>>> print(open('data-v6.cif').read())   # mmCIF, C-alpha atoms
data_final
loop_
_atom_site.label_atom_id
_atom_site.label_comp_id
_atom_site.auth_asym_id
_atom_site.auth_seq_id
_atom_site.Cartn_x
_atom_site.Cartn_y
_atom_site.Cartn_z
CA MET K 1 -21.59 -5.82 64.00
CA MET K 2 -19.24 -8.18 65.81
CA LEU K 3 -19.01 -11.65 64.27
CA SER K 4 -19.68 -13.35 67.62
CA GLU K 5 -22.90 -11.34 67.98
CA ALA K 6 -23.92 -12.05 64.38
CA MET K 7 -23.31 -15.79 64.75
CA GLN K 8 -25.74 -15.92 67.72
CA LYS K 9 -28.57 -14.99 65.40
CA GLN K 10 -29.95 -18.34 64.26
CA GLU K 11 -31.55 -17.35 60.96
CA TRP K 12 -30.58 -14.62 58.52
CA THR K 13 -32.23 -13.40 55.33
CA LEU K 14 -30.29 -12.52 52.22
CA GLN K 15 -31.41 -8.90 52.58
CA GLU K 16 -30.18 -8.74 56.19
CA TRP K 17 -26.80 -10.15 55.11
CA LEU K 18 -26.58 -7.61 52.31
CA GLU K 19 -27.42 -4.66 54.59
CA THR K 20 -25.32 -5.63 57.65
CA GLU K 21 -21.74 -4.46 58.03
CA LEU K 22 -19.88 -7.27 59.77
CA GLU K 23 -16.44 -6.93 61.33
CA SER K 24 -15.33 -10.15 59.59
CA ARG K 25 -16.09 -11.27 56.07
CA CYS K 26 -18.96 -13.76 55.87
CA GLU K 27 -20.82 -15.26 52.99
CA PHE K 28 -24.46 -16.32 53.26
CA GLU K 29 -26.14 -19.61 52.43
CA ASN K 30 -29.27 -21.41 53.62
CA GLY K 31 -30.11 -18.76 56.21
CA ARG K 32 -26.73 -18.80 57.93
CA LEU K 33 -23.48 -16.89 57.87
CA ILE K 34 -20.34 -18.65 56.63
CA PRO K 35 -17.18 -17.03 58.01
CA MET K 36 -14.37 -16.71 55.48
CA ALA K 37 -10.72 -17.33 56.27
CA SER K 38 -8.34 -14.40 56.02
CA PRO K 39 -6.54 -14.44 52.67
CA THR K 40 -2.79 -14.95 52.40
CA ARG K 41 -0.40 -12.27 51.21
CA GLN K 42 0.18 -14.11 47.92
CA HIS K 43 -3.56 -14.49 47.35
CA GLN K 44 -4.11 -10.76 47.89
CA ARG K 45 -1.19 -9.78 45.65
CA ILE K 46 -2.62 -11.89 42.84
CA VAL K 47 -6.12 -10.47 43.35
CA GLY K 48 -4.76 -6.91 43.44
CA ARG K 49 -2.65 -7.29 40.30
CA LEU K 50 -5.44 -9.05 38.45
CA PHE K 51 -7.86 -6.30 39.48
CA ALA K 52 -5.44 -3.62 38.22
CA GLN K 53 -5.10 -5.27 34.81
CA MET K 54 -8.81 -5.97 34.42
CA ASP K 55 -9.68 -2.45 35.57
CA ARG K 56 -7.23 -0.96 33.06
CA TRP K 57 -8.83 -3.04 30.28
CA ALA K 58 -12.36 -2.04 31.42
CA SER K 59 -11.40 1.65 31.51
CA GLN K 60 -9.76 1.55 28.08
CA THR K 61 -12.64 -0.30 26.41
CA GLY K 62 -15.50 1.28 28.36
CA ASN K 63 -17.14 -2.16 28.49
CA GLY K 64 -17.94 -2.17 32.19
CA SER K 65 -16.49 -2.20 35.67
CA VAL K 66 -14.46 -4.56 37.83
CA GLU K 67 -15.10 -4.85 41.55
CA MET K 68 -12.95 -6.45 44.23
CA GLU K 69 -14.41 -8.40 47.18
CA LEU K 70 -17.87 -6.88 46.98
CA ASP K 71 -20.99 -8.49 48.47
CA VAL K 72 -23.03 -10.20 45.76
CA ALA K 73 -26.61 -11.24 46.54
CA LEU K 74 -27.53 -13.86 43.94
CA PRO K 75 -31.18 -14.43 42.92
CA THR K 76 -30.91 -18.01 44.26
CA GLY K 77 -30.74 -16.61 47.81
CA VAL K 78 -26.99 -17.09 48.27
CA GLY K 79 -24.67 -14.24 49.24
CA CYS K 80 -21.04 -14.44 48.12
CA ILE K 81 -17.96 -12.27 48.29
CA PRO K 82 -16.04 -13.21 45.12
CA ASP K 83 -12.45 -12.06 44.73
CA LEU K 84 -13.45 -10.12 41.58
CA VAL K 85 -16.57 -9.53 39.52
CA PHE K 86 -17.09 -7.85 36.18
CA ILE K 87 -20.31 -6.01 35.35
CA ARG K 88 -21.02 -4.95 31.78
CA ARG K 89 -21.74 -1.22 31.45
CA GLU K 90 -25.27 -1.75 30.14
CA ARG K 91 -26.20 -3.85 33.21
CA ALA K 92 -24.72 -1.64 35.94
CA ALA K 93 -27.95 0.22 36.77
CA GLU K 94 -29.87 -3.02 37.34
CA LEU K 95 -27.20 -4.72 39.49
CA TYR K 96 -25.71 -2.11 41.84
CA THR K 97 -27.63 -1.35 45.02
CA PRO K 98 -27.72 2.23 46.39
CA GLU K 99 -25.11 1.08 48.96
CA GLY K 100 -22.76 0.01 46.14
CA LYS K 101 -23.21 -3.73 46.51
CA ILE K 102 -24.45 -6.13 43.83
CA LYS K 103 -27.90 -7.71 43.77
CA GLY K 104 -28.27 -10.06 40.81
CA VAL K 105 -26.00 -12.04 38.51
CA PRO K 106 -22.60 -10.56 37.58
CA ASP K 107 -21.37 -11.14 34.03
CA LEU K 108 -18.13 -12.69 35.28
CA VAL K 109 -16.98 -13.99 38.66
CA VAL K 110 -13.29 -14.60 39.43
CA GLU K 111 -11.98 -16.65 42.34
CA VAL K 112 -8.27 -16.92 43.14
CA VAL K 113 -7.93 -20.43 44.52
CA SER K 114 -5.73 -21.03 47.58
CA SER K 115 -5.18 -24.25 49.49
CA SER K 116 -7.69 -23.17 52.16
CA THR K 117 -10.37 -22.27 49.58
CA ARG K 118 -9.77 -24.94 46.91
CA ALA K 119 -12.75 -27.19 47.73
CA ARG K 120 -15.15 -24.28 48.23
CA ASP K 121 -14.08 -22.40 45.07
CA THR K 122 -13.82 -25.40 42.71
CA VAL K 123 -16.86 -27.35 43.89
CA ARG K 124 -19.33 -25.48 46.10
CA LYS K 125 -19.02 -22.00 44.60
CA LEU K 126 -18.90 -23.44 41.10
CA ARG K 127 -22.29 -25.06 41.77
CA VAL K 128 -23.65 -21.87 43.37
CA TYR K 129 -22.58 -19.66 40.44
CA GLN K 130 -23.86 -22.21 37.93
CA ALA K 131 -27.27 -22.42 39.66
CA ALA K 132 -27.50 -18.61 39.71
CA GLY K 133 -26.72 -18.38 35.99
CA VAL K 134 -23.34 -16.60 36.16
CA PRO K 135 -22.28 -16.77 32.48
CA TRP K 136 -18.50 -16.82 33.04
CA TYR K 137 -16.40 -18.14 35.94
CA TRP K 138 -12.62 -17.89 36.18
CA LEU K 139 -10.49 -19.94 38.56
CA ILE K 140 -6.92 -18.70 39.03
CA ASP K 141 -4.76 -21.06 41.09
CA SER K 142 -2.52 -19.02 43.41
CA GLU K 143 0.00 -21.85 43.72
CA THR K 144 0.35 -23.13 40.13
CA LEU K 145 -0.89 -19.94 38.38
CA MET K 146 -3.06 -22.07 36.11
CA ALA K 147 -6.09 -20.13 34.88
CA GLN K 148 -9.36 -21.67 33.74
CA GLU K 149 -12.25 -19.89 32.15
CA LEU K 150 -15.57 -21.68 32.43
CA LYS K 151 -18.56 -20.78 30.25
CA LEU K 152 -22.11 -21.55 31.31
CA THR K 153 -23.92 -23.77 28.80
CA PRO K 154 -27.26 -25.59 29.03
CA ALA K 155 -25.26 -28.63 30.23
CA GLY K 156 -23.47 -26.62 32.95
CA TYR K 157 -20.03 -25.03 33.02
CA GLN K 158 -17.68 -26.06 30.24
CA ILE K 159 -14.00 -25.14 30.03
CA SER K 160 -13.55 -22.36 27.50
CA VAL K 161 -9.87 -21.47 28.00
CA VAL K 162 -7.02 -22.92 30.07
CA ALA K 163 -3.59 -21.35 30.48
CA ASP K 164 -0.59 -22.45 32.57
CA ALA K 165 1.97 -20.29 34.36
CA GLY K 166 4.18 -18.58 31.80
CA GLU K 167 1.43 -18.56 29.19
CA VAL K 168 -0.84 -15.71 28.21
CA PHE K 169 -4.45 -16.08 29.33
CA ARG K 170 -6.83 -14.83 26.62
CA PRO K 171 -10.36 -15.26 27.98
CA ALA K 172 -13.38 -15.23 25.70
CA ALA K 173 -15.45 -13.35 28.31
CA LEU K 174 -13.40 -10.16 27.87
CA PRO K 175 -12.42 -9.83 24.19
CA GLY K 176 -9.01 -8.23 23.78
CA PHE K 177 -7.99 -8.80 27.42
CA GLU K 178 -4.68 -10.61 27.82
CA LEU K 179 -2.97 -11.63 31.02
CA ASN K 180 0.57 -12.89 31.46
CA LEU K 181 -0.01 -15.21 34.39
CA GLN K 182 3.59 -15.06 35.61
CA ALA K 183 3.25 -11.27 36.00
CA LEU K 184 0.72 -11.89 38.79
CA LEU K 185 3.63 -12.92 41.04
CA GLU K 186 6.26 -10.44 39.90
CA GLY K 187 6.89 -6.96 41.17
#
>>> encode(input="data-v6.cif", output="structure tokens")
Amino acid sequence: MMLSEAMQKQEWTLQEWLETELESRCEFENGRLIPMASPTRQHQRIVGRLFAQMDRWASQTGNGSVEMELDVALPTGVGCIPDLVFIRRERAAELYTPEGKIKGVPDLVVEVVSSSTRARDTVRKLRVYQAAGVPWYWLIDSETLMAQELKLTPAGYQISVVADAGEVFRPAALPGFELNLQALLEG
């Protein structure tokens, strides 16, 4: 469906958003579509390299699967398209729809933060993921390469791990996974 046609529809349901193939990427909140800006080359390189490393770890450990830019319908009625999500193997059957999308709460959501997405990723989406009960949230800054891992606690998200460019990111959410942040820009 063309975005201009989709935007004319005044009210959407989460199920309609999940089932509709739109020409442009849109997230869903409060009954309306939220168009997403096209990512930059650097943003996509970081997402791609991070996906490759996480996918390699997931394949080697058999712990689950990593998905890139997949529609996620949260139980709070919000639809997001995170840069990456991780689903533990034992939860895959309950979360994947027959169309290969996700309906429910992923075990980990990763957003690569760019200047155009900073406010949405670090404030709005943080609140959305927290309200939905996403246990782990990573923010990877595409400009500074700082990585933060946030863990959901009864008091909200708390910083679990922080790593700067040049350091190795060792997140608690994926035991044994290590990421040299500088390698996300190289190659």
>>> atom_distance(input="data-v6.cif", atom1="CA of Ala183 in chain K", atom2="CA of Gln42 in chain K")
12.6 Å
>>> resolve_selection(input="data-v6.cif", expression="the PyMOL selection byres ((chain K and resi 22-27) around 10)", output="number ranges by chain")
K: 1-6, 14, 17-21, 28-29, 32-38, 69, 71-73, 78-82
>>> write_last_selection(input="data-v6.cif", atoms="C-alpha atoms", output="short mmCIF file (atom, residue, chain, number, x, y, z; two decimals), in the coordinates of the input")
data_model
loop_
_atom_site.label_atom_id
_atom_site.label_comp_id
_atom_site.auth_asym_id
_atom_site.auth_seq_id
_atom_site.Cartn_x
_atom_site.Cartn_y
_atom_site.Cartn_z
CA MET K 1 -21.59 -5.82 64.00
CA MET K 2 -19.24 -8.18 65.81
CA LEU K 3 -19.01 -11.65 64.27
CA SER K 4 -19.68 -13.35 67.62
CA GLU K 5 -22.90 -11.34 67.98
CA ALA K 6 -23.92 -12.05 64.38
CA LEU K 14 -30.29 -12.52 52.22
CA TRP K 17 -26.80 -10.15 55.11
CA LEU K 18 -26.58 -7.61 52.31
CA GLU K 19 -27.42 -4.66 54.59
CA THR K 20 -25.32 -5.63 57.65
CA GLU K 21 -21.74 -4.46 58.03
CA PHE K 28 -24.46 -16.32 53.26
CA GLU K 29 -26.14 -19.61 52.43
CA ARG K 32 -26.73 -18.80 57.93
CA LEU K 33 -23.48 -16.89 57.87
CA ILE K 34 -20.34 -18.65 56.63
CA PRO K 35 -17.18 -17.03 58.01
CA MET K 36 -14.37 -16.71 55.48
CA ALA K 37 -10.72 -17.33 56.27
CA SER K 38 -8.34 -14.40 56.02
CA GLU K 69 -14.41 -8.40 47.18
CA ASP K 71 -20.99 -8.49 48.47
CA VAL K 72 -23.03 -10.20 45.76
CA ALA K 73 -26.61 -11.24 46.54
CA VAL K 78 -26.99 -17.09 48.27
CA GLY K 79 -24.67 -14.24 49.24
CA CYS K 80 -21.04 -14.44 48.12
CA ILE K 81 -17.96 -12.27 48.29
CA PRO K 82 -16.04 -13.21 45.12
#
>>> resolve_selection(input="data-v6.cif", expression="the PyMOL selection byres ((chain K and resi 137) around 7)", output="list in words")
Leu108, Val109, Val110, Pro135, Trp136, Trp138, Leu139, Glu149, Leu150 and Lys151 of chain K
>>> atom_distance(input="data-v6.cif", atom1="CA of Pro39 in chain K", atom2="CA of Glu111 in chain K")
11.9 Å
>>> resolve_selection(input="data-v6.cif", expression="the PyMOL selection byres ((chain K and resi 164) around 8)", output="compact mmCIF listing (two decimals) with C-alpha atoms, in the frame of the given file")
# COMPACT_ATOMS: atom_id res chain seq x y z
CA THR K 144 0.35 -23.13 40.13
CA LEU K 145 -0.89 -19.94 38.38
CA MET K 146 -3.06 -22.07 36.11
CA ALA K 147 -6.09 -20.13 34.88
CA VAL K 162 -7.02 -22.92 30.07
CA ALA K 163 -3.59 -21.35 30.48
CA ALA K 165 1.97 -20.29 34.36
CA GLY K 166 4.18 -18.58 31.80
CA GLU K 167 1.43 -18.56 29.19
CA LEU K 181 -0.01 -15.21 34.39
>>> residues_near_point(input="data-v6.cif", point="(-30.1, -18.2, 42.5)", cutoff="9 Å", atoms="all atoms listed in the file", output="ChimeraX atom specification")
/K:73-78,104-105,128-133
>>> residues_around(input="data-v6.cif", residues="Arg89 in chain K", least_positions_apart="6", cutoff="10 Å", atoms="only C-alpha atoms", output="compact mmCIF listing (two decimals) with C-alpha atoms, in the coordinates of the input")
# COMPACT_ATOMS: atom_id res chain seq x y z
CA ALA K 58 -12.36 -2.04 31.42
CA GLY K 62 -15.50 1.28 28.36
CA ASN K 63 -17.14 -2.16 28.49
CA GLY K 64 -17.94 -2.17 32.19
CA SER K 65 -16.49 -2.20 35.67
>>> closest_residue(input="data-v6.cif", among="K:Glu178, K:Glu99, K:Glu16, K:Glu67", to="Gln53 in chain K", atoms="only C-alpha atoms")
K:Glu178
>>> closest_residue(input="data-v6.cif", among="K:Asn30, K:Ala173, K:Tyr157, K:Glu11", to="Val123 in chain K", atoms="all atoms listed in the file")
K:Tyr157
>>> closest_residue(input="data-v6.cif", among="K:Leu179, K:Ala155, K:Leu174, K:Val47", to="Arg88 in chain K", atoms="only C-alpha atoms")
K:Leu174
>>> atom_distance(input="data-v6.cif", atom1="CA of Phe86 in chain K", atom2="CA of Arg56 in chain K")
12.4 Å
>>> closest_residue(input="data-v6.cif", among="K:Phe177, K:Trp57, K:Phe169, K:Phe51", to="Val112 in chain K", atoms="all atoms listed in the file")
K:Phe51
>>> residues_around(input="data-v6.cif", residues="Leu184 in chain K", least_positions_apart="6", cutoff="8 Å", atoms="all atoms listed in the file", output="count of residues only")
4
>>> closest_residue(input="data-v6.cif", among="K:Leu84, K:Val161, K:Leu70, K:Leu152", to="Val134 in chain K", atoms="all atoms listed in the file")
K:Leu152
>>> decode(input="data-v6.cif", residues="range 52-73 of chain K", atoms="N, CA and C atoms", output="PDB file, in the first residue's frame")
ATOM      1  N   ALA K  52      25.258  -9.319  12.152  1.00  0.00           N
ATOM      2  CA  ALA K  52      26.122 -10.447  11.782  1.00  0.00           C
ATOM      3  C   ALA K  52      26.792 -11.048  13.010  1.00  0.00           C
ATOM      4  N   GLN K  53      27.272 -10.202  13.913  1.00  0.00           N
ATOM      5  CA  GLN K  53      27.954 -10.719  15.103  1.00  0.00           C
ATOM      6  C   GLN K  53      26.979 -11.381  16.075  1.00  0.00           C
ATOM      7  N   MET K  54      25.813 -10.751  16.259  1.00  0.00           N
ATOM      8  CA  MET K  54      24.813 -11.349  17.146  1.00  0.00           C
ATOM      9  C   MET K  54      24.279 -12.658  16.569  1.00  0.00           C
ATOM     10  N   ASP K  55      24.071 -12.685  15.264  1.00  0.00           N
ATOM     11  CA  ASP K  55      23.567 -13.889  14.602  1.00  0.00           C
ATOM     12  C   ASP K  55      24.577 -15.029  14.702  1.00  0.00           C
ATOM     13  N   ARG K  56      25.853 -14.702  14.551  1.00  0.00           N
ATOM     14  CA  ARG K  56      26.911 -15.715  14.693  1.00  0.00           C
ATOM     15  C   ARG K  56      26.873 -16.293  16.114  1.00  0.00           C
ATOM     16  N   TRP K  57      26.787 -15.406  17.122  1.00  0.00           N
ATOM     17  CA  TRP K  57      26.718 -15.851  18.515  1.00  0.00           C
ATOM     18  C   TRP K  57      25.479 -16.730  18.735  1.00  0.00           C
ATOM     19  N   ALA K  58      24.320 -16.291  18.223  1.00  0.00           N
ATOM     20  CA  ALA K  58      23.072 -17.047  18.396  1.00  0.00           C
ATOM     21  C   ALA K  58      23.166 -18.424  17.737  1.00  0.00           C
ATOM     22  N   SER K  59      23.778 -18.482  16.562  1.00  0.00           N
ATOM     23  CA  SER K  59      23.933 -19.764  15.865  1.00  0.00           C
ATOM     24  C   SER K  59      24.875 -20.696  16.615  1.00  0.00           C
ATOM     25  N   GLN K  60      25.970 -20.151  17.122  1.00  0.00           N
ATOM     26  CA  GLN K  60      26.954 -20.974  17.839  1.00  0.00           C
ATOM     27  C   GLN K  60      26.412 -21.492  19.165  1.00  0.00           C
ATOM     28  N   THR K  61      25.628 -20.676  19.858  1.00  0.00           N
ATOM     29  CA  THR K  61      25.123 -21.079  21.176  1.00  0.00           C
ATOM     30  C   THR K  61      23.786 -21.806  21.095  1.00  0.00           C
ATOM     31  N   GLY K  62      23.036 -21.575  20.012  1.00  0.00           N
ATOM     32  CA  GLY K  62      21.708 -22.162  19.890  1.00  0.00           C
ATOM     33  C   GLY K  62      20.688 -21.541  20.832  1.00  0.00           C
ATOM     34  N   ASN K  63      21.007 -20.365  21.355  1.00  0.00           N
ATOM     35  CA  ASN K  63      20.140 -19.721  22.354  1.00  0.00           C
ATOM     36  C   ASN K  63      18.894 -19.053  21.782  1.00  0.00           C
ATOM     37  N   GLY K  64      18.901 -18.742  20.496  1.00  0.00           N
ATOM     38  CA  GLY K  64      17.741 -18.056  19.938  1.00  0.00           C
ATOM     39  C   GLY K  64      18.042 -17.493  18.572  1.00  0.00           C
ATOM     40  N   SER K  65      17.261 -16.478  18.191  1.00  0.00           N
ATOM     41  CA  SER K  65      17.457 -15.887  16.870  1.00  0.00           C
ATOM     42  C   SER K  65      17.438 -14.361  16.949  1.00  0.00           C
ATOM     43  N   VAL K  66      18.155 -13.769  16.016  1.00  0.00           N
ATOM     44  CA  VAL K  66      18.253 -12.316  15.897  1.00  0.00           C
ATOM     45  C   VAL K  66      17.523 -11.917  14.630  1.00  0.00           C
ATOM     46  N   GLU K  67      16.731 -10.866  14.721  1.00  0.00           N
ATOM     47  CA  GLU K  67      15.989 -10.370  13.561  1.00  0.00           C
ATOM     48  C   GLU K  67      16.315  -8.902  13.346  1.00  0.00           C
ATOM     49  N   MET K  68      16.354  -8.507  12.078  1.00  0.00           N
ATOM     50  CA  MET K  68      16.663  -7.127  11.725  1.00  0.00           C
ATOM     51  C   MET K  68      15.423  -6.446  11.137  1.00  0.00           C
ATOM     52  N   GLU K  69      15.064  -5.295  11.731  1.00  0.00           N
ATOM     53  CA  GLU K  69      13.997  -4.430  11.213  1.00  0.00           C
ATOM     54  C   GLU K  69      12.713  -5.202  10.901  1.00  0.00           C
ATOM     55  N   LEU K  70      12.241  -5.924  11.871  1.00  0.00           N
ATOM     56  CA  LEU K  70      11.028  -6.717  11.745  1.00  0.00           C
ATOM     57  C   LEU K  70       9.911  -6.040  12.527  1.00  0.00           C
ATOM     58  N   ASP K  71       8.690  -6.063  12.001  1.00  0.00           N
ATOM     59  CA  ASP K  71       7.542  -5.493  12.714  1.00  0.00           C
ATOM     60  C   ASP K  71       7.333  -6.229  14.022  1.00  0.00           C
ATOM     61  N   VAL K  72       7.172  -5.451  15.101  1.00  0.00           N
ATOM     62  CA  VAL K  72       6.929  -6.009  16.428  1.00  0.00           C
ATOM     63  C   VAL K  72       5.661  -5.368  16.980  1.00  0.00           C
ATOM     64  N   ALA K  73       4.627  -6.191  17.174  1.00  0.00           N
ATOM     65  CA  ALA K  73       3.371  -5.726  17.759  1.00  0.00           C
ATOM     66  C   ALA K  73       3.429  -6.027  19.253  1.00  0.00           C
TER      67      ALA K  73
END
